[in-house]
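Next comes start_2.csv, a file with CSV, C-alpha atoms.
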chain,number,residue,atom,x,y,z
A,1,MET,CA,266.3,124.8,-20.9
A,2,GLN,CA,265.6,121.7,-18.9
A,3,THR,CA,267.8,119.2,-20.7
A,4,THR,CA,271.4,119.0,-22.0
A,5,ASP,CA,273.3,116.8,-24.4
A,6,THR,CA,276.5,116.8,-22.2
A,7,VAL,CA,277.1,115.3,-18.8
A,8,ILE,CA,280.2,114.9,-16.5
A,9,MET,CA,280.7,111.6,-14.8
A,10,VAL,CA,283.4,110.5,-12.3
A,11,ARG,CA,285.1,107.1,-12.4
A,12,PRO,CA,284.5,105.1,-9.3
A,13,ASN,CA,288.3,104.5,-8.6
A,14,SER,CA,287.8,104.4,-4.8
A,15,PHE,CA,284.2,102.9,-4.8
A,16,LYS,CA,283.1,100.9,-1.8
A,17,TYR,CA,280.4,100.8,0.9
A,18,ASN,CA,280.7,103.9,3.0
A,19,LYS,CA,279.7,103.5,6.6
A,20,GLU,CA,279.7,107.2,7.2
A,21,THR,CA,277.1,108.0,4.5
A,22,ALA,CA,275.1,105.0,5.4
A,23,LYS,CA,274.1,106.8,8.6
A,24,THR,CA,271.7,109.0,6.7
A,25,ASN,CA,271.1,107.0,3.5
A,26,GLY,CA,268.5,104.2,4.0
A,27,PHE,CA,268.9,103.0,0.4
A,28,MET,CA,272.5,101.7,1.0
A,29,LYS,CA,273.1,97.9,1.4
A,30,THR,CA,276.0,96.0,2.8
A,31,LEU,CA,277.7,93.6,0.5
A,32,ASP,CA,276.3,90.6,2.4
A,33,HIS,CA,272.8,92.1,2.0
A,34,LEU,CA,273.3,92.8,-1.7
A,35,ASN,CA,274.7,89.3,-2.3
A,36,LYS,CA,271.5,87.8,-0.8
A,37,GLU,CA,269.3,90.1,-2.9
A,38,LEU,CA,271.2,89.4,-6.2
A,39,GLY,CA,271.9,85.7,-5.5
A,40,THR,CA,275.7,86.3,-5.9
A,41,ASN,CA,278.8,85.6,-3.9
A,42,TYR,CA,280.9,88.8,-4.6
A,43,LEU,CA,283.8,89.5,-2.3
A,44,GLU,CA,285.0,93.0,-1.2
A,45,SER,CA,287.9,92.5,-3.6
A,46,ASP,CA,285.4,92.2,-6.5
A,47,VAL,CA,283.7,95.5,-5.8
A,48,TRP,CA,286.1,97.9,-7.6
A,49,TYR,CA,286.2,95.9,-10.8
A,50,LEU,CA,282.4,95.5,-10.8
A,51,ALA,CA,281.8,99.2,-10.2
A,52,MET,CA,284.2,100.2,-12.9
A,53,LYS,CA,282.6,97.8,-15.4
A,54,GLU,CA,279.1,99.2,-14.6
A,55,PHE,CA,280.5,102.7,-15.0
A,56,TYR,CA,282.1,101.9,-18.3
A,57,LEU,CA,278.9,100.2,-19.7
A,58,MET,CA,276.8,103.2,-18.6
A,59,THR,CA,279.1,105.7,-20.4
A,60,LEU,CA,279.0,103.5,-23.4
A,61,ALA,CA,275.1,103.4,-23.4
A,62,LEU,CA,275.0,107.2,-23.2
A,63,ARG,CA,277.5,107.7,-26.0
A,64,ASN,CA,275.7,105.1,-28.2
A,65,ASN,CA,272.7,107.4,-27.8
A,66,ALA,CA,274.7,110.5,-28.9
A,67,ILE,CA,275.0,112.0,-25.4
A,68,PHE,CA,278.4,113.6,-24.8
A,69,VAL,CA,280.1,112.3,-21.7
A,70,ALA,CA,283.2,113.9,-20.1
A,71,GLU,CA,285.0,111.9,-17.4
A,72,LEU,CA,286.9,112.8,-14.3
A,73,CYS,CA,289.0,110.5,-12.1
A,74,SER,CA,288.0,110.1,-8.5
A,75,PRO,CA,290.4,111.6,-5.9
A,76,SER,CA,291.9,109.0,-3.6
A,77,GLU,CA,289.8,107.7,-0.7
A,78,THR,CA,286.4,109.0,-2.1
A,79,PRO,CA,284.1,106.0,-2.0
A,80,ASP,CA,281.1,108.0,-3.2
A,81,ALA,CA,282.8,110.1,-5.9
A,82,VAL,CA,280.8,108.4,-8.6
A,83,PHE,CA,277.9,110.7,-7.6
A,84,PRO,CA,279.3,114.1,-8.7
A,85,ASN,CA,275.9,115.9,-8.9
A,86,ASN,CA,276.2,116.4,-5.1
A,87,TRP,CA,279.3,118.6,-5.0
A,88,PHE,CA,278.6,120.8,-8.1
A,89,SER,CA,276.0,122.0,-10.5
A,90,LEU,CA,276.1,124.1,-13.7
A,91,HIS,CA,273.7,126.7,-14.8
A,92,THR,CA,273.2,129.3,-17.5
A,93,PRO,CA,274.7,131.8,-18.0
A,94,ALA,CA,278.0,129.9,-17.3
A,95,THR,CA,277.7,129.5,-13.6
A,96,LEU,CA,279.2,126.8,-11.4
A,97,VAL,CA,278.0,126.2,-7.9
A,98,ILE,CA,280.0,124.3,-5.3
A,99,TYR,CA,278.2,122.7,-2.4
A,100,PRO,CA,278.7,121.8,1.3
A,101,MET,CA,278.6,118.1,2.0
A,102,GLU,CA,277.3,116.5,5.2
A,103,ALA,CA,279.8,113.6,5.2
A,104,VAL,CA,283.5,114.5,5.8
A,105,SER,CA,284.6,111.7,3.5
A,106,ARG,CA,282.6,113.3,0.6
A,107,ARG,CA,284.2,116.7,0.9
A,108,ARG,CA,287.4,115.2,-0.6
A,109,GLU,CA,285.4,114.7,-3.9
A,110,ARG,CA,285.5,118.4,-4.8
A,111,GLN,CA,288.1,119.0,-7.5
A,112,VAL,CA,287.2,122.4,-8.8
A,113,GLU,CA,290.3,123.2,-10.8
A,114,LYS,CA,290.2,119.9,-12.7
A,115,LEU,CA,286.5,120.4,-13.3
A,116,LEU,CA,287.2,123.9,-14.8
A,117,GLU,CA,289.9,122.4,-17.0
A,118,CYS,CA,287.5,119.8,-18.2
A,119,LEU,CA,284.9,122.5,-19.0
A,120,ARG,CA,287.5,124.5,-20.9
A,121,ALA,CA,288.5,121.4,-22.9
A,122,PHE,CA,285.2,121.4,-24.7
A,123,HIS,CA,285.0,125.1,-25.1
A,124,HIS,CA,282.7,125.9,-22.2
A,125,PRO,CA,282.5,129.7,-21.8
A,126,GLY,CA,284.2,131.5,-18.9
A,127,THR,CA,282.6,130.3,-15.8
A,128,ARG,CA,281.4,132.3,-12.7
A,129,VAL,CA,282.0,130.2,-9.6
A,130,ILE,CA,279.8,130.4,-6.5
A,131,THR,CA,281.0,128.4,-3.6
A,132,LEU,CA,278.8,127.5,-0.6
A,133,ALA,CA,281.3,124.9,0.8
A,134,TYR,CA,282.2,127.3,3.7
A,135,GLU,CA,278.7,126.6,5.1
A,136,GLU,CA,280.1,123.2,6.4
A,137,LYS,CA,281.6,125.2,9.3
A,138,SER,CA,278.1,126.1,10.4
A,139,GLU,CA,276.8,122.6,9.9
A,140,ARG,CA,274.6,123.8,7.0
A,141,PHE,CA,274.5,121.4,4.1
A,142,LEU,CA,273.0,121.4,0.6
A,143,GLU,CA,274.1,118.6,-1.7
A,144,GLY,CA,273.5,119.9,-5.1
A,145,THR,CA,270.9,118.3,-7.4
A,146,GLY,CA,270.6,115.5,-4.9
A,147,SER,CA,269.2,117.9,-2.3
A,148,MET,CA,267.3,119.8,-5.0
A,149,VAL,CA,265.3,118.8,-8.0
A,150,LEU,CA,265.2,121.6,-10.5
A,151,ASP,CA,262.6,122.7,-13.0
A,152,ARG,CA,265.1,124.8,-14.9
A,153,THR,CA,262.6,126.0,-17.4
A,154,ALA,CA,260.1,127.3,-14.8
A,155,LYS,CA,262.9,128.3,-12.4
A,156,VAL,CA,261.5,126.3,-9.6
A,157,ALA,CA,263.5,124.3,-7.1
A,158,TYR,CA,262.1,121.4,-5.0
A,159,ALA,CA,263.7,120.2,-1.8
A,160,ILE,CA,262.9,118.1,1.3
A,161,GLU,CA,264.4,118.7,4.7
A,162,SER,CA,267.0,116.2,5.8
A,163,PRO,CA,270.4,116.0,7.5
A,164,ARG,CA,271.9,116.8,4.1
A,165,THR,CA,269.5,119.7,3.2
A,166,HIS,CA,269.2,122.8,5.3
A,167,ARG,CA,266.1,124.9,4.6
A,168,GLY,CA,267.8,128.3,5.1
A,169,LEU,CA,270.7,127.4,2.8
A,170,PHE,CA,268.2,126.0,0.2
A,171,GLU,CA,266.3,129.3,0.3
A,172,LYS,CA,269.6,131.2,0.1
A,173,TRP,CA,270.5,129.2,-3.1
A,174,CYS,CA,267.1,130.0,-4.6
A,175,GLY,CA,267.7,133.7,-4.0
A,176,LEU,CA,271.1,133.6,-5.6
A,177,MET,CA,269.9,131.5,-8.6
A,178,GLU,CA,266.5,133.2,-8.9
A,179,HIS,CA,264.4,130.1,-8.4
A,180,GLU,CA,261.1,129.8,-6.6
A,181,PRO,CA,261.6,127.5,-3.5
A,182,ILE,CA,259.2,124.6,-2.9
A,183,PHE,CA,260.2,123.1,0.5
A,184,PHE,CA,258.5,120.0,1.9
A,185,HIS,CA,259.1,116.8,3.9
A,186,ALA,CA,259.3,113.2,2.8
A,187,PHE,CA,259.9,110.0,4.8
A,188,ASP,CA,261.2,106.5,4.2
A,189,LYS,CA,259.5,103.2,5.3
A,190,GLU,CA,260.8,103.6,8.8
A,191,ASN,CA,259.4,107.1,9.0
A,192,LYS,CA,262.8,108.7,8.9
A,193,PRO,CA,263.5,111.8,6.7
A,194,LEU,CA,264.7,110.7,3.2
A,195,TYR,CA,268.3,111.7,2.5
A,196,HIS,CA,267.8,113.4,-0.9
A,197,THR,CA,265.0,114.9,-2.9
A,198,ASN,CA,266.0,113.2,-6.1
A,199,VAL,CA,264.9,109.8,-4.9
A,200,VAL,CA,261.4,111.2,-4.2
A,201,MET,CA,260.9,112.9,-7.5
A,202,GLY,CA,262.4,113.6,-11.0
A,203,ILE,CA,261.5,116.3,-13.4
A,204,GLY,CA,261.7,116.4,-17.2
A,205,ASP,CA,260.7,119.0,-19.7
A,206,ARG,CA,257.0,117.9,-19.8
A,207,PHE,CA,256.7,115.3,-17.1
A,208,ALA,CA,257.4,114.6,-13.4
A,209,VAL,CA,257.7,111.4,-11.4
A,210,VAL,CA,256.7,111.8,-7.8
A,211,CYS,CA,256.3,109.5,-4.8
A,212,TYR,CA,253.4,111.1,-3.0
A,213,ASP,CA,253.3,108.2,-0.5
A,214,ALA,CA,256.5,109.5,1.0
A,215,ILE,CA,255.1,113.0,1.5
A,216,HIS,CA,252.9,112.5,4.6
A,217,ALA,CA,251.4,116.0,4.9
A,218,ARG,CA,248.4,116.4,2.6
A,219,GLY,CA,249.0,120.1,2.2
A,220,GLU,CA,252.6,119.5,1.1
A,221,GLN,CA,251.4,116.9,-1.4
A,222,LEU,CA,249.0,119.5,-2.9
A,223,LEU,CA,251.8,122.1,-2.9
A,224,VAL,CA,254.1,119.9,-5.0
A,225,GLU,CA,251.2,118.8,-7.3
A,226,ARG,CA,249.9,122.3,-7.9
A,227,ARG,CA,253.3,123.7,-8.7
A,228,LEU,CA,254.1,120.9,-11.1
A,229,ARG,CA,250.7,121.3,-12.8
A,230,ASP,CA,251.2,125.0,-13.0
A,231,ALA,CA,254.4,124.3,-15.0
A,232,ASP,CA,252.4,122.0,-17.3
A,233,LYS,CA,254.0,118.8,-16.2
A,234,ALA,CA,252.3,115.4,-16.6
A,235,ILE,CA,252.6,113.7,-13.3
A,236,ILE,CA,253.5,110.0,-13.0
A,237,PRO,CA,253.0,108.9,-9.4
A,238,ILE,CA,255.2,106.1,-8.0
A,239,SER,CA,254.7,103.9,-5.0
A,240,MET,CA,257.1,103.6,-2.0
A,241,ASN,CA,258.4,100.3,-3.4
A,242,GLN,CA,259.1,102.0,-6.7
A,243,MET,CA,260.8,104.8,-5.0
A,244,TYR,CA,263.1,102.2,-3.3
A,245,ALA,CA,263.8,100.8,-6.7
A,246,PHE,CA,265.0,104.3,-7.7
A,247,CYS,CA,262.1,105.1,-10.1
A,248,GLY,CA,262.4,108.7,-9.1
A,249,ASN,CA,266.1,108.9,-9.7
A,250,LEU,CA,266.0,109.3,-13.4
A,251,LEU,CA,267.3,112.0,-15.7
A,252,GLN,CA,266.0,113.3,-19.1
A,253,VAL,CA,268.8,114.3,-21.5
A,254,ARG,CA,268.9,114.9,-25.2
A,255,SER,CA,271.2,113.6,-27.9
A,256,THR,CA,273.5,115.9,-29.9
A,257,GLU,CA,270.9,115.4,-32.7
A,258,GLY,CA,268.2,116.8,-30.3
A,259,ARG,CA,266.4,113.5,-29.5
A,260,SER,CA,265.1,113.1,-26.0
A,261,HIS,CA,266.2,110.3,-23.8
A,262,ILE,CA,265.3,109.3,-20.2
A,263,VAL,CA,268.2,107.5,-18.4
A,264,LEU,CA,267.3,105.3,-15.5
A,265,SER,CA,268.7,102.1,-13.9
A,266,SER,CA,267.6,98.7,-14.9
A,267,THR,CA,266.2,98.3,-11.4
A,268,ALA,CA,264.0,101.3,-11.9
A,269,PHE,CA,263.1,100.2,-15.5
A,270,ASN,CA,261.9,96.8,-14.2
A,271,ALA,CA,259.9,98.4,-11.4
A,272,PHE,CA,257.8,100.5,-13.8
A,273,ASP,CA,254.8,98.6,-15.2
A,274,THR,CA,254.1,98.5,-18.9
A,275,ALA,CA,251.6,101.4,-18.8
A,276,GLU,CA,254.1,103.6,-16.9
A,277,LYS,CA,256.9,102.8,-19.3
A,278,ASN,CA,254.6,103.7,-22.2
A,279,GLU,CA,253.7,107.0,-20.6
A,280,LEU,CA,257.4,107.8,-19.9
A,281,SER,CA,258.2,106.9,-23.5
A,282,LEU,CA,256.0,109.7,-24.7
A,283,TYR,CA,258.7,112.1,-23.3
A,284,GLY,CA,261.9,110.3,-24.4
A,285,ASN,CA,263.5,107.0,-25.4
A,286,LEU,CA,264.1,105.0,-22.2
A,287,VAL,CA,267.8,104.1,-21.6
A,288,PRO,CA,268.1,101.6,-18.8
A,289,VAL,CA,271.6,101.0,-17.4
A,290,ASN,CA,272.6,98.1,-15.3
A,291,ILE,CA,274.3,99.4,-12.1
A,292,PRO,CA,273.3,97.0,-9.2
A,293,ILE,CA,276.7,97.3,-7.4
A,294,ILE,CA,276.9,101.1,-7.5
A,295,GLU,CA,273.2,101.4,-6.8
A,296,GLY,CA,273.2,98.8,-4.0
A,297,LEU,CA,276.4,99.7,-2.1
A,298,GLY,CA,276.3,103.4,-2.9
A,299,GLY,CA,272.7,104.1,-2.3
A,300,GLY,CA,272.4,106.3,-5.4
A,301,SER,CA,271.3,105.6,-8.9
A,302,ALA,CA,271.6,106.7,-12.5
A,303,ARG,CA,270.6,110.3,-12.0
A,304,CYS,CA,273.2,110.7,-9.2
A,305,MET,CA,276.0,109.6,-11.6
A,306,MET,CA,275.4,112.4,-14.1
A,307,ALA,CA,276.2,116.1,-13.6
A,308,GLU,CA,274.6,118.1,-16.4
A,309,VAL,CA,276.6,120.7,-18.3
A,310,PHE,CA,274.7,123.9,-19.2

So, in terms of structure tokens, how does the structure I just supplied come out?
Amino acid sequence: MQTTDTVIMVRPNSFKYNKETAKTNGFMKTLDHLNKELGTNYLESDVWYLAMKEFYLMTLALRNNAIFVAELCSPSETPDAVFPNNWFSLHTPATLVIYPMEAVSRRRERQVEKLLECLRAFHHPGTRVITLAYEEKSERFLEGTGSMVLDRTAKVAYAIESPRTHRGLFEKWCGLMEHEPIFFHAFDKENKPLYHTNVVMGIGDRFAVVCYDAIHARGEQLLVERRLRDADKAIIPISMNQMYAFCGNLLQVRSTEGRSHIVLSSTAFNAFDTAEKNELSLYGNLVPVNIPIIEGLGGGSARCMMAEVF
């Protein structure tokens, strides 16, 4: 099954611009840069309140569409904890995978026991835990469903090489989880490797959004396209500018009544043209969420804020 009606989100209690993760994330903006872009005059002291407000309104939007949201608090001194899909993922049958993180500051985000307590609270079955966190000692990283975009139905995993995604570890994960690996390379506007695969592409049950312009090798473009078409996905190409607006960082979920929804940021929603929105709407009700502070300072968007429960 590709979609779920339940997600786990982590409150941004310690949220702020993280200089450490900015070294490999070209989507992050300083507060001065963001203020100029938004036409605002926010201070550093405003950031926590604004991020918490964005988080609350996003959880409200999900719940108003009958999507179940379980919340965890951020551990102290974890500026990026609002993006939990990087340190864990859940799979059927009842499997939890814990991941190695490139930034030392992000390793503090892992709170496995609290996560297991949360899962038990809504009657999640006994969970098998696979941890890959020890790979940090060997400087091998794989940041969950940021590093990988999963076609769960076809059991295919897509990943790009980056400082946060080690090819050997990705292939090891695919062996453990019985997924076919599709490995390729994608680059930003400065010709540097993009930090996560889930800004390049997003996959739903019957569609995929892909930035082919970021994939320079024609053979790799064809590899991704053919595998998606083999899985009967309708492909919606996006431009580099749309990728930078987080159009690839969306997530399809379903309501507790079984209705399909596609969650994306307002930035992404506004960057899609009318025809693209109409096409996306064939696969689910579009749910835009306004998260400019989290998106701008954190360099991640709506998909990164939701860890799916299967």

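Each of A:Pro100, A:Gly248, A:Gly298, A:Pro288 was checked against A:Pro12 using all atoms listed in the file; the smallest atom-to-atom distance is that of A:Gly298.
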
Please report as a Markdown table every residue of stretch 44-161 of chain A lying within 10 Å of stretch 183-204 of chain A, along with the nearest atom pair and their distance in Å (one decimal), using all atoms listed in the file.
| residue | atom | partner | partner_atom | distance |
| --- | --- | --- | --- | --- |
| A:Asn86 | CA | A:His196 | CA | 9.9 |
| A:Leu142 | CA | A:His196 | CA | 9.7 |
| A:Glu143 | CA | A:His196 | CA | 8.2 |
| A:Gly144 | CA | A:His196 | CA | 9.6 |
| A:Thr145 | CA | A:Asn198 | CA | 7.2 |
| A:Gly146 | CA | A:Asn198 | CA | 5.3 |
| A:Ser147 | CA | A:His196 | CA | 4.9 |
| A:Met148 | CA | A:Thr197 | CA | 5.8 |
| A:Val149 | CA | A:Asn198 | CA | 6.0 |
| A:Leu150 | CA | A:Ile203 | CA | 7.1 |
| A:Asp151 | CA | A:Ile203 | CA | 6.5 |
| A:Arg152 | CA | A:Gly204 | CA | 9.3 |
| A:Thr153 | CA | A:Gly204 | CA | 9.6 |
| A:Ala157 | CA | A:Phe183 | CA | 8.4 |
| A:Tyr158 | CA | A:Phe183 | CA | 6.1 |
| A:Ala159 | CA | A:Phe183 | CA | 5.1 |
| A:Ile160 | CA | A:His185 | CA | 4.8 |
| A:Glu161 | CA | A:His185 | CA | 5.7 |

Quick one: residues within 10 Å of A:Glu276, all atoms listed in the file counted, chain neighbours fewer than 6 positions away excluded, as a PyMOL selection string? chain A and resi 236-238+269

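Proximity of A:Val287, A:Met243, A:Leu62, A:Ile235 to A:Ala214, computed with only C-alpha atoms, is greatest for A:Met243.
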
Please compute the atom CA of A:Ala70-atom CA of A:Val129 distance, one decimal, in Å. 19.4 Å

From (280.3, 131.4, -13.7), in the file's coordinates, out to 6 Å: which residues are reached, counting all atoms listed in the file? Answer as a list in words.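 These residues have at least one counted atom within 6 Å: Ala94, Thr95, Leu96, Thr127, Arg128 and Val129 of chain A.
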
Neighbouring residues of stretch 301-308 of chain A were defined as those with any atom within 8 Å, considering only C-alpha atoms; residues of the same chain fewer than 3 positions away were excluded. Please report them as a compact mmCIF listing (two decimals) with C-alpha atoms, in the coordinates of the input.
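To be explicit, this is the file written out as out.txt:
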# COMPACT_ATOMS: atom_id res chain seq x y z
CA THR A 4 271.40 119.00 -22.00
CA THR A 6 276.50 116.80 -22.20
CA VAL A 7 277.10 115.30 -18.80
CA ILE A 8 280.20 114.90 -16.50
CA MET A 9 280.70 111.60 -14.80
CA VAL A 10 283.40 110.50 -12.30
CA VAL A 82 280.80 108.40 -8.60
CA PHE A 83 277.90 110.70 -7.60
CA PRO A 84 279.30 114.10 -8.70
CA ASN A 85 275.90 115.90 -8.90
CA ASN A 86 276.20 116.40 -5.10
CA PHE A 88 278.60 120.80 -8.10
CA SER A 89 276.00 122.00 -10.50
CA LEU A 90 276.10 124.10 -13.70
CA GLY A 146 270.60 115.50 -4.90
CA PHE A 246 265.00 104.30 -7.70
CA ASN A 249 266.10 108.90 -9.70
CA LEU A 250 266.00 109.30 -13.40
CA LEU A 251 267.30 112.00 -15.70
CA VAL A 263 268.20 107.50 -18.40
CA LEU A 264 267.30 105.30 -15.50
CA SER A 265 268.70 102.10 -13.90
CA VAL A 289 271.60 101.00 -17.40
CA ILE A 291 274.30 99.40 -12.10
CA ILE A 294 276.90 101.10 -7.50
CA GLU A 295 273.20 101.40 -6.80

Using only C-alpha atoms, can you tell me which of A:Leu169, A:Ile98, A:Ala217, A:Ala275 comes closest to A:Glu113?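 Nearest to A:Glu113: A:Ile98.
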
Which is closest to A:Thr24 among A:Ala103, A:Cys118, A:Leu132, A:Leu223, if we use only C-alpha atoms? A:Ala103

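Separating atom CA of A:Glu44 from atom CA of A:Met58 is a distance of 21.8 Å.
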
I want to know what sits within 6 Å of A:Asn285, based on all atoms listed in the file, with residues of the same chain fewer than 2 positions away left out; could you give that as a VMD selection string? chain A and resid 261 to 262 281

Extract, using all atoms listed in the file, all DNA, RNA and protein residues at most 12 Å from A:Glu37, discarding same-chain residues fewer than 5 positions from it, and format them as a ChimeraX atom specification. /A:29-32,42,292-293,296-297

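Going from atom CA of A:His33 to atom CA of A:Gly299 covers 12.7 Å.
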
Which of these, A:Val156, A:Ala22, A:Leu72, A:Met28, has the shortest distance to A:Arg227 once you count all atoms listed in the file? A:Val156
